[in-house]
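Novice: What follows is the file input-v2.tsv, containing TSV, C-alpha atoms:
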chain	number	residue	atom	x	y	z
A	1	MET	CA	94.82	-148.24	73.74
A	2	GLY	CA	96.51	-150.79	71.46
A	3	LYS	CA	98.27	-150.00	68.24
A	4	GLN	CA	96.21	-149.05	65.22
A	5	ARG	CA	95.95	-151.73	62.55
A	6	VAL	CA	97.31	-151.19	59.04
A	7	LEU	CA	96.41	-153.35	56.03
A	8	SER	CA	98.09	-153.38	52.64
A	9	GLY	CA	99.11	-155.73	49.84
A	10	VAL	CA	100.98	-155.98	46.55
A	11	GLN	CA	100.15	-158.13	43.52
A	12	PRO	CA	102.58	-160.99	42.73
A	13	THR	CA	103.12	-160.16	39.09
A	14	GLY	CA	106.92	-160.13	38.86
A	15	ASN	CA	109.35	-157.28	38.19
A	16	TYR	CA	109.26	-155.76	41.68
A	17	HIS	CA	111.07	-152.51	41.24
A	18	LEU	CA	112.37	-149.45	43.04
A	19	GLY	CA	108.98	-147.76	42.66
A	20	ASN	CA	107.32	-150.58	44.65
A	21	TYR	CA	110.06	-150.44	47.26
A	22	LEU	CA	110.37	-146.68	47.72
A	23	GLY	CA	106.67	-145.98	47.22
A	24	ALA	CA	105.30	-148.65	49.54
A	25	ILE	CA	107.45	-151.37	51.08
A	26	ARG	CA	110.19	-149.13	52.55
A	27	ASN	CA	107.53	-146.94	54.14
A	28	TRP	CA	105.95	-150.04	55.72
A	29	VAL	CA	109.35	-151.04	57.09
A	30	GLU	CA	110.18	-147.61	58.50
A	31	GLY	CA	106.85	-147.22	60.28
A	32	GLN	CA	106.07	-150.82	61.15
A	33	SER	CA	106.77	-150.52	64.89
A	34	GLU	CA	104.07	-147.85	65.20
A	35	TYR	CA	101.27	-150.12	63.98
A	36	GLU	CA	99.86	-153.63	64.00
A	37	ASN	CA	100.53	-154.56	60.37
A	38	TYR	CA	98.77	-157.10	58.15
A	39	LEU	CA	100.60	-157.25	54.81
A	40	PHE	CA	99.56	-159.73	52.17
A	41	VAL	CA	100.46	-161.04	48.75
A	42	ALA	CA	97.45	-160.08	46.62
A	43	ASP	CA	97.31	-163.14	44.38
A	44	LEU	CA	93.52	-162.97	43.89
A	45	HIS	CA	93.97	-159.52	42.34
A	46	ALA	CA	96.69	-160.88	40.06
A	47	ILE	CA	94.25	-162.77	37.83
A	48	THR	CA	92.04	-159.78	36.96
A	49	VAL	CA	94.32	-159.45	33.93
A	50	PRO	CA	95.73	-162.28	31.77
A	51	HIS	CA	98.35	-164.24	33.73
A	52	ASP	CA	100.58	-167.29	33.40
A	53	PRO	CA	99.46	-170.01	35.85
A	54	LYS	CA	102.96	-171.51	35.73
A	55	GLU	CA	104.35	-168.35	37.33
A	56	LEU	CA	101.68	-167.34	39.84
A	57	ALA	CA	102.80	-169.51	42.77
A	58	ALA	CA	106.49	-168.77	42.17
A	59	ASP	CA	105.82	-165.04	42.00
A	60	THR	CA	103.81	-165.31	45.24
A	61	TYR	CA	106.76	-166.80	47.09
A	62	THR	CA	109.17	-164.30	45.50
A	63	LEU	CA	107.13	-161.37	46.79
A	64	ALA	CA	106.76	-162.85	50.27
A	65	ALA	CA	110.55	-163.34	50.41
A	66	LEU	CA	111.11	-159.76	49.25
A	67	TYR	CA	108.81	-158.48	52.00
A	68	LEU	CA	111.15	-160.10	54.52
A	69	ALA	CA	114.33	-159.17	52.66
A	70	CYS	CA	113.30	-155.51	52.58
A	71	GLY	CA	113.07	-155.49	56.36
A	72	LEU	CA	109.56	-156.39	57.44
A	73	ASP	CA	109.82	-157.69	61.01
A	74	LEU	CA	107.55	-160.55	62.09
A	75	ASN	CA	107.42	-158.98	65.55
A	76	HIS	CA	105.42	-156.14	64.03
A	77	SER	CA	104.03	-157.50	60.77
A	78	THR	CA	101.86	-160.46	59.81
A	79	ILE	CA	102.62	-161.64	56.27
A	80	PHE	CA	100.19	-163.91	54.45
A	81	VAL	CA	98.83	-164.91	51.05
A	82	GLN	CA	95.42	-163.52	50.14
A	83	SER	CA	94.05	-166.71	48.55
A	84	HIS	CA	95.00	-168.71	51.66
A	85	VAL	CA	92.26	-166.86	53.54
A	86	SER	CA	88.97	-167.86	51.90
A	87	ALA	CA	87.08	-165.11	53.73
A	88	HIS	CA	88.42	-162.62	51.16
A	89	SER	CA	86.44	-164.27	48.38
A	90	GLU	CA	83.35	-164.87	50.50
A	91	LEU	CA	83.09	-161.33	51.82
A	92	THR	CA	83.58	-160.01	48.28
A	93	TRP	CA	80.41	-161.81	47.19
A	94	LEU	CA	78.43	-160.44	50.14
A	95	LEU	CA	79.65	-156.90	49.46
A	96	ASN	CA	78.90	-157.32	45.74
A	97	CYS	CA	75.25	-157.74	46.59
A	98	ILE	CA	75.02	-154.34	48.31
A	99	THR	CA	77.33	-152.40	45.94
A	100	PRO	CA	75.55	-150.44	43.16
A	101	LEU	CA	76.87	-151.31	39.71
A	102	ASN	CA	77.34	-147.67	38.74
A	103	TRP	CA	79.83	-147.20	41.60
A	104	LEU	CA	82.13	-149.72	39.91
A	105	GLN	CA	81.57	-148.42	36.40
A	106	ASP	CA	82.71	-144.98	37.56
A	107	MET	CA	86.10	-146.20	38.78
A	108	ILE	CA	88.85	-144.47	36.81
A	109	GLN	CA	91.27	-147.41	36.78
A	110	PHE	CA	88.61	-149.74	35.40
A	111	LYS	CA	87.91	-147.36	32.54
A	112	GLU	CA	91.61	-147.06	31.72
A	113	LYS	CA	92.38	-150.78	31.90
A	114	ALA	CA	89.20	-151.80	30.08
A	115	VAL	CA	90.23	-149.70	27.08
A	116	LYS	CA	93.57	-151.54	26.96
A	117	GLN	CA	91.99	-155.01	27.23
A	118	GLY	CA	89.14	-154.40	24.79
A	119	GLU	CA	86.85	-157.41	24.37
A	120	ASN	CA	88.97	-159.46	26.78
A	121	VAL	CA	88.05	-157.33	29.79
A	122	SER	CA	86.76	-159.56	32.59
A	123	ALA	CA	84.05	-159.12	35.19
A	124	GLY	CA	86.87	-159.51	37.72
A	125	LEU	CA	88.49	-156.30	36.50
A	126	LEU	CA	85.23	-154.43	37.05
A	127	ASP	CA	84.76	-156.05	40.44
A	128	TYR	CA	88.26	-155.94	41.91
A	129	PRO	CA	87.58	-152.72	43.90
A	130	VAL	CA	85.01	-154.74	45.86
A	131	LEU	CA	87.63	-157.42	46.51
A	132	MET	CA	89.94	-154.62	47.65
A	133	ALA	CA	87.22	-153.39	49.98
A	134	ALA	CA	86.82	-156.91	51.38
A	135	ASP	CA	90.59	-157.13	51.91
A	136	ILE	CA	90.55	-153.99	54.04
A	137	LEU	CA	87.28	-154.44	55.88
A	138	LEU	CA	87.95	-158.05	56.91
A	139	TYR	CA	90.71	-156.90	59.22
A	140	GLN	CA	88.81	-153.88	60.61
A	141	ALA	CA	91.82	-151.81	59.52
A	142	ASP	CA	92.28	-148.37	61.01
A	143	LYS	CA	94.55	-147.14	58.23
A	144	VAL	CA	95.43	-148.12	54.67
A	145	PRO	CA	98.58	-146.81	52.93
A	146	VAL	CA	97.47	-145.17	49.69
A	147	GLY	CA	98.96	-143.22	46.83
A	148	GLU	CA	97.14	-140.85	44.52
A	149	ASP	CA	96.03	-143.69	42.24
A	150	GLN	CA	94.35	-145.60	45.10
A	151	LYS	CA	92.44	-142.81	46.87
A	152	GLN	CA	89.27	-143.52	44.87
A	153	HIS	CA	89.38	-147.20	45.86
A	154	LEU	CA	89.64	-146.35	49.55
A	155	GLU	CA	86.72	-143.96	49.24
A	156	LEU	CA	84.71	-146.77	47.64
A	157	THR	CA	85.68	-149.04	50.53
A	158	ARG	CA	84.38	-146.47	53.01
A	159	ASP	CA	81.17	-146.04	50.99
A	160	ILE	CA	80.53	-149.80	50.92
A	161	ALA	CA	81.18	-150.13	54.66
A	162	ALA	CA	78.93	-147.18	55.43
A	163	ARG	CA	76.18	-148.62	53.24
A	164	LEU	CA	76.33	-152.01	54.97
A	165	ASN	CA	76.41	-150.38	58.41
A	166	HIS	CA	73.41	-148.21	57.53
A	167	GLN	CA	71.33	-151.04	56.08
A	168	PHE	CA	72.22	-153.86	58.44
A	169	GLY	CA	73.94	-152.41	61.51
A	170	LYS	CA	72.86	-150.23	64.40
A	171	PRO	CA	73.91	-146.60	64.93
A	172	ASP	CA	75.81	-147.52	68.09
A	173	GLN	CA	77.02	-150.89	66.76
A	174	PRO	CA	78.48	-150.62	63.24
A	175	VAL	CA	79.32	-153.95	61.61
A	176	LEU	CA	82.45	-152.69	59.85
A	177	LYS	CA	85.05	-150.06	60.70
A	178	LEU	CA	85.57	-147.24	58.20
A	179	PRO	CA	89.33	-147.06	57.45
A	180	ASP	CA	91.31	-143.85	57.05
A	181	PRO	CA	94.08	-143.25	54.51
A	182	LEU	CA	97.71	-143.41	55.59
A	183	ILE	CA	99.23	-140.94	53.18
A	184	ARG	CA	102.70	-141.79	51.99
A	185	LYS	CA	105.38	-139.25	52.73
A	186	GLU	CA	106.33	-136.91	49.94
A	187	GLY	CA	109.14	-137.88	47.62
A	188	ALA	CA	108.50	-141.60	47.23
A	189	ARG	CA	106.98	-141.35	43.75
A	190	VAL	CA	109.46	-142.97	41.37
A	191	MET	CA	109.04	-142.39	37.66
A	192	SER	CA	109.96	-144.45	34.61
A	193	LEU	CA	113.57	-144.41	33.42
A	194	ALA	CA	112.22	-144.10	29.88
A	195	ASP	CA	109.73	-141.29	30.53
A	196	GLY	CA	109.96	-139.04	33.56
A	197	THR	CA	106.27	-138.13	33.31
A	198	ARG	CA	105.02	-141.71	33.94
A	199	LYS	CA	105.29	-143.84	37.06
A	200	MET	CA	107.75	-146.72	37.11
A	201	SER	CA	105.52	-149.73	36.43
A	202	LYS	CA	105.65	-153.52	36.41
A	203	SER	CA	103.33	-153.52	33.40
A	204	ASP	CA	105.59	-151.40	31.19
A	205	PRO	CA	106.64	-153.64	28.27
A	206	SER	CA	110.21	-152.31	28.40
A	207	ASP	CA	112.44	-153.73	31.13
A	208	LEU	CA	114.69	-150.69	30.62
A	209	SER	CA	112.00	-148.49	32.17
A	210	ARG	CA	112.60	-149.81	35.71
A	211	ILE	CA	115.24	-151.02	38.14
A	212	SER	CA	114.05	-154.34	39.55
A	213	LEU	CA	114.97	-155.18	43.14
A	214	LEU	CA	116.75	-158.33	42.00
A	215	ASP	CA	118.65	-156.78	39.07
A	216	SER	CA	122.35	-157.61	38.94
A	217	PRO	CA	124.95	-154.79	39.19
A	218	LYS	CA	125.63	-155.26	35.48
A	219	ASP	CA	121.94	-154.85	34.62
A	220	ILE	CA	121.63	-151.75	36.81
A	221	GLN	CA	124.67	-150.17	35.19
A	222	TYR	CA	123.27	-150.86	31.70
A	223	LYS	CA	119.83	-149.46	32.52
A	224	ILE	CA	121.18	-146.25	34.04
A	225	LYS	CA	123.50	-145.78	31.06
A	226	ARG	CA	120.51	-146.15	28.72
A	227	CYS	CA	117.94	-144.15	30.72
A	228	LYS	CA	116.46	-141.02	29.18
A	229	THR	CA	118.20	-137.71	29.96
A	230	ASP	CA	118.60	-134.27	28.35
A	231	PRO	CA	121.62	-132.39	26.89
A	232	ILE	CA	121.72	-129.73	29.63
A	233	ARG	CA	124.69	-129.58	32.00
A	234	GLY	CA	123.93	-128.90	35.64
A	235	LEU	CA	121.26	-130.95	37.41
A	236	THR	CA	118.27	-129.38	39.14
A	237	PHE	CA	115.10	-130.49	40.90
A	238	ASP	CA	111.54	-129.48	40.08
A	239	ASP	CA	112.05	-128.12	36.57
A	240	PRO	CA	108.88	-129.11	34.65
A	241	ALA	CA	110.84	-129.01	31.41
A	242	ARG	CA	113.27	-131.65	32.81
A	243	PRO	CA	111.13	-134.45	34.32
A	244	GLU	CA	113.84	-137.11	33.86
A	245	CYS	CA	116.40	-134.95	35.66
A	246	ASN	CA	114.06	-134.47	38.60
A	247	ASN	CA	113.30	-138.19	38.72
A	248	LEU	CA	116.94	-139.32	38.74
A	249	LEU	CA	117.91	-136.76	41.36
A	250	THR	CA	114.96	-137.85	43.49
A	251	LEU	CA	116.01	-141.48	43.13
A	252	TYR	CA	119.55	-140.58	44.24
A	253	THR	CA	118.20	-138.58	47.20
A	254	LEU	CA	115.96	-141.41	48.39
A	255	LEU	CA	118.64	-144.09	48.16
A	256	SER	CA	121.63	-142.08	49.39
A	257	GLY	CA	119.90	-140.86	52.55
A	258	LYS	CA	120.97	-137.29	51.79
A	259	THR	CA	118.65	-134.31	51.96
A	260	LYS	CA	117.20	-132.75	48.86
A	261	GLU	CA	119.10	-129.55	49.66
A	262	ASP	CA	122.45	-131.36	49.92
A	263	VAL	CA	121.87	-133.23	46.65
A	264	ALA	CA	120.90	-130.00	44.89
A	265	VAL	CA	124.25	-128.45	45.89
A	266	GLU	CA	126.26	-131.61	45.16
A	267	CYS	CA	124.85	-132.05	41.65
A	268	GLN	CA	124.25	-128.49	40.48
A	269	ASP	CA	127.38	-128.42	38.29
A	270	MET	CA	127.44	-132.08	37.25
A	271	GLY	CA	127.00	-133.48	33.79
A	272	TRP	CA	125.29	-136.82	33.15
A	273	GLY	CA	128.64	-138.51	32.58
A	274	GLN	CA	129.56	-137.76	36.17
A	275	PHE	CA	126.16	-138.28	37.76
A	276	LYS	CA	125.13	-141.59	36.18
A	277	PRO	CA	128.03	-143.62	37.66
A	278	LEU	CA	127.29	-142.01	41.05
A	279	LEU	CA	123.62	-143.01	40.82
A	280	THR	CA	124.53	-146.51	39.61
A	281	ASP	CA	126.84	-147.15	42.56
A	282	THR	CA	124.23	-145.82	44.99
A	283	ILE	CA	121.52	-148.12	43.63
A	284	ILE	CA	123.80	-151.17	43.67
A	285	GLU	CA	124.87	-150.55	47.27
A	286	SER	CA	121.28	-149.90	48.39
A	287	LEU	CA	119.98	-153.14	46.87
A	288	LYS	CA	122.92	-155.33	47.92
A	289	PRO	CA	121.67	-156.14	51.48
A	290	ILE	CA	118.14	-156.76	50.18
A	291	GLN	CA	119.40	-159.16	47.53
A	292	GLU	CA	121.68	-161.00	49.96
A	293	LYS	CA	118.86	-161.49	52.47
A	294	TYR	CA	116.45	-162.53	49.69
A	295	HIS	CA	118.79	-165.28	48.48
A	296	SER	CA	119.27	-166.47	52.06
A	297	ILE	CA	115.50	-166.68	52.60
A	298	THR	CA	114.73	-168.44	49.32
A	299	ALA	CA	117.48	-170.98	50.01
A	300	ASP	CA	115.37	-172.22	52.94
A	301	LYS	CA	111.88	-172.78	51.52
A	302	SER	CA	110.66	-174.42	54.73
A	303	TYR	CA	111.28	-171.16	56.62
A	304	LEU	CA	109.29	-169.11	54.11
A	305	GLU	CA	106.47	-171.66	54.18
A	306	SER	CA	106.38	-171.48	57.98
A	307	VAL	CA	106.11	-167.67	57.85
A	308	LEU	CA	103.17	-167.84	55.45
A	309	ARG	CA	101.54	-170.69	57.38
A	310	ASP	CA	101.70	-168.78	60.66
A	311	GLY	CA	100.60	-165.55	58.96
A	312	GLY	CA	97.67	-167.29	57.32
A	313	GLU	CA	96.48	-168.74	60.62
A	314	LYS	CA	96.63	-165.36	62.33
A	315	ALA	CA	94.89	-163.63	59.40
A	316	ARG	CA	92.13	-166.25	59.21
A	317	ALA	CA	91.30	-165.85	62.90
A	318	ILE	CA	90.54	-162.15	62.44
A	319	ALA	CA	89.02	-162.42	58.96
A	320	ASN	CA	86.64	-165.23	59.89
A	321	GLN	CA	85.43	-163.31	62.93
A	322	THR	CA	84.59	-160.28	60.76
A	323	LEU	CA	82.97	-162.50	58.13
A	324	SER	CA	80.78	-164.09	60.81
A	325	GLN	CA	79.70	-160.63	62.02
A	326	VAL	CA	78.73	-159.59	58.50
A	327	LYS	CA	76.83	-162.81	57.81
A	328	THR	CA	74.95	-162.48	61.11
A	329	ALA	CA	74.03	-158.88	60.26
A	330	LEU	CA	72.79	-159.98	56.82
A	331	GLY	CA	70.62	-162.64	58.42
A	332	TYR	CA	72.44	-165.84	57.50
A	333	SER	CA	72.14	-168.97	59.59
A	334	LEU	CA	75.42	-170.01	61.16
A	335	PRO	CA	77.10	-173.31	60.13
A	336	LEU	CA	75.95	-176.27	62.18
Step by step, read the file and then write its structure as structure tokens.
Specialist:
Amino acid sequence: MGKQRVLSGVQPTGNYHLGNYLGAIRNWVEGQSEYENYLFVADLHAITVPHDPKELAADTYTLAALYLACGLDLNHSTIFVQSHVSAHSELTWLLNCITPLNWLQDMIQFKEKAVKQGENVSAGLLDYPVLMAADILLYQADKVPVGEDQKQHLELTRDIAARLNHQFGKPDQPVLKLPDPLIRKEGARVMSLADGTRKMSKSDPSDLSRISLLDSPKDIQYKIKRCKTDPIRGLTFDDPARPECNNLLTLYTLLSGKTKEDVAVECQDMGWGQFKPLLTDTIIESLKPIQEKYHSITADKSYLESVLRDGGEKARAIANQTLSQVKTALGYSLPL
């Protein structure tokens, strides 16, 4: 038996922060040797909301470089750009034609984002869960890393695959594999520095709400100094009345490598004036090797281009094979 295949991606929309790293990318790195990994830059998803075309390509390369800087190993992971594999768009159209409209209208994230965008909401925003399904199903992925906010999308992916298999496959020969969730380990949920009840987010209008992976030591120090805290001395985990305290302690635990129990003892009598410099230094030291490797990678654009070229070729070989299987099952004639 070969390794199981894992598929995941992140949108290239700038402001990659500790939440992205600790909630997704670091987990990929730590477990990458256990799986056959296909990890992509989700640039097709990036235009479901208003975007700046002058920044899209640059952000794509930034994210690809950060993947490598954070420790993704090309011996275990294939890194590629979503739009460089045209099968993503083509399979999305085919899946659109078997996906009931009400399935998409019931998606929670669409409802939430549509309210924010008002009259500017695009058909792409409604349809992006089908694109996400195509992303996953093209590579016949065994597992997909998901957080709480993505479980519904993976269930939709399984429903779409099951529907296509039922309508166009055979009981003993399914066209598409139904993927299973790869649940992230507990403790990697990083909250906003401005509000401990909300996730750290790239879309938050305030840059003070997050620590970006490429922030300078000076910026990190300023953001931690300004982050929201409470007037209580003594720092404790899991107090619902102190969400910011729990978040900052969790951040320190994740980046220091210490256990939750050890941090609880270390910080139980601390005030914020003592803890904030400790957290600042820990963040700076944790991000230093990532930033150094990132600058080394981006200084050699030809290397990064070669990584994405090779990754694209490998991804296209698998994606096109799956696309051909789906088109055959749907009854299409093959190209002459």
Novice: Neighbours of stretch 164-179 of chain A within 8 Å (all atoms listed in the file; same-chain residues fewer than 4 positions away dropped), as a list in words?
Specialist: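 Within the cut-off, the hits are Ile98, Ile136, Leu137, Gln140, Ala141, Asp142, Lys143, Val144, Leu154, Thr157, Arg158, Ile160, Thr322, Gln325, Val326, Ala329 and Leu330 of chain A.
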Novice: Please compute the atom CA of A:Met200-atom CA of A:Thr236 distance, one decimal, in Å.
Specialist: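 It comes out at 20.4 Å.
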Novice: Do you have, as a tab-separated table, the list of residues of stretch 50-79 of chain A lying at most 7 Å from stretch 35-43 of chain A, each with its nearest atom pair and that distance in Å to one decimal, counting all atoms listed in the file and ordered by chain then number?
Specialist:
residue	atom	partner	partner_atom	distance
A:Thr60	CA	A:Val41	CA	6.5
A:Leu63	CA	A:Val41	CA	7.0
A:Ala64	CA	A:Val41	CA	6.7
A:His76	CA	A:Glu36	CA	6.1
A:Ser77	CA	A:Asn37	CA	4.6
A:Thr78	CA	A:Tyr38	CA	4.9
A:Ile79	CA	A:Leu39	CA	5.0
Novice: Hey, what's within 10 Å of A:Met107 if we count all atoms listed in the file and toss same-chain stuff fewer than 5 positions away? As a ChimeraX atom specification, please?
Specialist: /A:102,112,126,129,152-153,156
Novice: What does the distance from atom CA of A:Ala87 to atom CA of A:Arg5 come to in Å, to one decimal?
Specialist: 18.3 Å
Novice: Using only C-alpha atoms, which of A:Asn15, A:Asn20, A:Gln291, A:Gln150 sits nearest A:Pro217?
Specialist: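 Smallest separation from A:Pro217 among the options: A:Gln291.
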Novice: Need the shell around A:Phe275: protein/DNA/RNA residues with any atom at most 12 Å away, counting all atoms listed in the file. Skip same-chain ones fewer than 5 positions apart. Format as an mmCIF file with C-alpha atoms, in the coordinates of the input?
Specialist:
data_model
loop_
_atom_site.group_PDB
_atom_site.id
_atom_site.type_symbol
_atom_site.label_atom_id
_atom_site.label_comp_id
_atom_site.auth_asym_id
_atom_site.auth_seq_id
_atom_site.Cartn_x
_atom_site.Cartn_y
_atom_site.Cartn_z
ATOM 1 C CA ILE A 224 121.180 -146.250 34.040
ATOM 2 C CA LYS A 225 123.500 -145.780 31.060
ATOM 3 C CA THR A 229 118.200 -137.710 29.960
ATOM 4 C CA ARG A 233 124.690 -129.580 32.000
ATOM 5 C CA GLY A 234 123.930 -128.900 35.640
ATOM 6 C CA LEU A 235 121.260 -130.950 37.410
ATOM 7 C CA THR A 236 118.270 -129.380 39.140
ATOM 8 C CA CYS A 245 116.400 -134.950 35.660
ATOM 9 C CA LEU A 248 116.940 -139.320 38.740
ATOM 10 C CA LEU A 249 117.910 -136.760 41.360
ATOM 11 C CA LEU A 251 116.010 -141.480 43.130
ATOM 12 C CA TYR A 252 119.550 -140.580 44.240
ATOM 13 C CA VAL A 263 121.870 -133.230 46.650
ATOM 14 C CA GLU A 266 126.260 -131.610 45.160
ATOM 15 C CA CYS A 267 124.850 -132.050 41.650
ATOM 16 C CA GLN A 268 124.250 -128.490 40.480
ATOM 17 C CA ASP A 269 127.380 -128.420 38.290
ATOM 18 C CA MET A 270 127.440 -132.080 37.250
ATOM 19 C CA THR A 280 124.530 -146.510 39.610
ATOM 20 C CA ASP A 281 126.840 -147.150 42.560
ATOM 21 C CA THR A 282 124.230 -145.820 44.990
#
Novice: Could you pull the residues within 8 Å of stretch 296-313 of chain A, counting all atoms listed in the file, minus those fewer than 6 positions along the same chain, as a list in words?
Specialist: Tyr61, Thr62, Ala64, Ala65, Ala69, Thr78, Ile79, Phe80, Val81, His84 and Val85 of chain A
Novice: Between A:Leu182, A:Cys227, A:Ala57, A:Ile211, single out the one closest to A:Leu44, counting all atoms listed in the file.
Specialist: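 For A:Leu44, the nearest of the candidates is A:Ala57.
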Novice: Using only C-alpha atoms, which of A:Phe110, A:Asp262, A:Ser8, A:Ser86 sits nearest A:Gly124?
Specialist: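 That would be A:Phe110, the residue with the smallest distance to A:Gly124.
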Novice: Using only C-alpha atoms, can you tell me which of A:Gln221, A:Thr92, A:Asn27, A:Asn120 comes closest to A:Val146?
Specialist: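 The answer is A:Asn27, which sits nearest to A:Val146.
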Novice: Nearest to A:Ser256 among A:Ala241, A:Leu74, A:Ile283, A:Ala24, with distances taken over only C-alpha atoms: which residue is it?
Specialist: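 Closest residue, counting only C-alpha atoms: A:Ile283.
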Novice: Quick one, how far is atom CA of A:Asn246 from atom CA of A:Arg189?
Specialist: 11.1 Å
